[in-house]
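Down below is the structure, laid out as structure tokens.
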Amino acid sequence: MKIVVDSDALIKITKAGLKELIVNNLEVAIPRKVYEETVEIPKTKGFPDALEIEKNVSTGRISVKETSKGEKGEHEVVNLYQSGDYSAVVSDDRKFLKQLDRMGIPYLTPASIIVYLFYRKILTRDEAIAYIEGLRKYISDEEYLISIMEVKKWER
Amino acid sequence: MGEVIIIRDSSLRSVLDLMKKEGLDEEGAIKKIIRLGITDYVLELYKRGELTVREASEVLQLSLRETVELIEEKIGGNVAIQEQIKAIELARKLSE
């Protein structure tokens with residue numbers, strides 16, 4: 001499955017220690033603007049997750065795509081989604097998710113990716129719960145509770 | 001020349017006195033209170049889904065990465081029930 005990830009979601013996924021799981025199981029693409037916001041600028045300010053993301057880019061696990069430059073990163077994320085055969089945009093930003101919804105663009109949140117990997121049987125129930133717990137401090141209570149309840153209802 | 005605003009608020013006076021004890025002069029203390037108020041207000045708008053992270057970072061004049069850090073510290077996330085249910089439904093559909 002090919003996904004386009006925005007800056008906010010990529011930072012949270014990285015900080016929560018989920019990035020390797022996700023880049024090993026999904027095709028992850030980001031527009032140039034997201035690369036600037038998550039790697040180039042944070043690197044100058046000493047954010048360690050910027051180096052981790054950069055490593056994935058240099059090994060090709062995350063591909064950086066050129067898009068027609070929008071004024072804002074959200075536009076570049078939408079442009080990239082519309083330019084290729086992507087299944088969804090990943091974001092954890094409520095206003096942006098509402099915009100995607102109005103545009104008819106399918107979206108996932110960081111916790112719902114864990115649920116997806118659980119549905120695909122890439123993660124066991126216990127592993128999925130542990131990963132969602134790892135995300136807890138970065139996401140809303142609603143995102144956390146709905147995801148945990150979804151995984152817990154399956155007995156396997 | 002900027003506009004002069006007179007605020008009569010006894011709690012403001014008390015806070016200013018406390019901040020003076022921390023070594024801030026009156027102007028520095030007022031600037032700090034305004035900055036804290038702006039940050040709280042912007043984060044509240046973000047929490048309600050009325051601003052994106054990027055818009056919040058522009059108002060606060062921080063980088064997006066710094067704003068994500070601030071949001072993590074003060075709020076966590078802002079995805080509401082309806083968006084998360086939709087995301088889970090899509091996750092189910094894509095896994096089939």
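In the structure tokens, chains take letters A, B, ... by order of appearance, with residues numbered from 1 within each chain and ligands from 1 in the order shown.
Those residues of chain A that fall within 7 Å of chain B when using only C-alpha atoms read Asp8, Glu37, Thr38, Pro42, Asp92, Asp93, Arg94, Lys95, Phe96, Tyr107, Leu108, Thr109, Ser112, Ile113, Val115, Tyr116, Tyr119, Arg120, Lys137, Tyr138, Ile139, Ser140, Glu142 and Glu143 of chain A.
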### Summary
Residue with the minimum atom-to-atom distance to Lys45 in chain A, picked from B:Leu62, B:Ala29, B:Ser57, B:Lys74 with only C-alpha atoms counted, is B:Leu62
### Task
Could you please determine the separation between CA of Glu20 in chain A and CA of Glu127 in chain A in Å, to one decimal place?
14.3 Å
### Task
List every residue of chain A that DSSP, applied to the backbone, labels as alpha helix (DSSP H), and write the result as a PyMOL selection string.
chain A and resi 7-15+19-25+32-35+41-44+48-58+73-83+94-103+110-119+125-135+141-152
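Taking CA of Arg13 in chain B as the reference point, CA of Glu26 in chain B is found at 10.0 Å.
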### Message
Could you pull out the strand (DSSP E or B) residues of range 83-115 of chain A, going by DSSP on the backbone, and write them as a ChimeraX atom specification?
### Response
/A:88-90,107-108
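One finds CA of Asn79 in chain A at 23.5 Å from CA of Asn25 in chain A.
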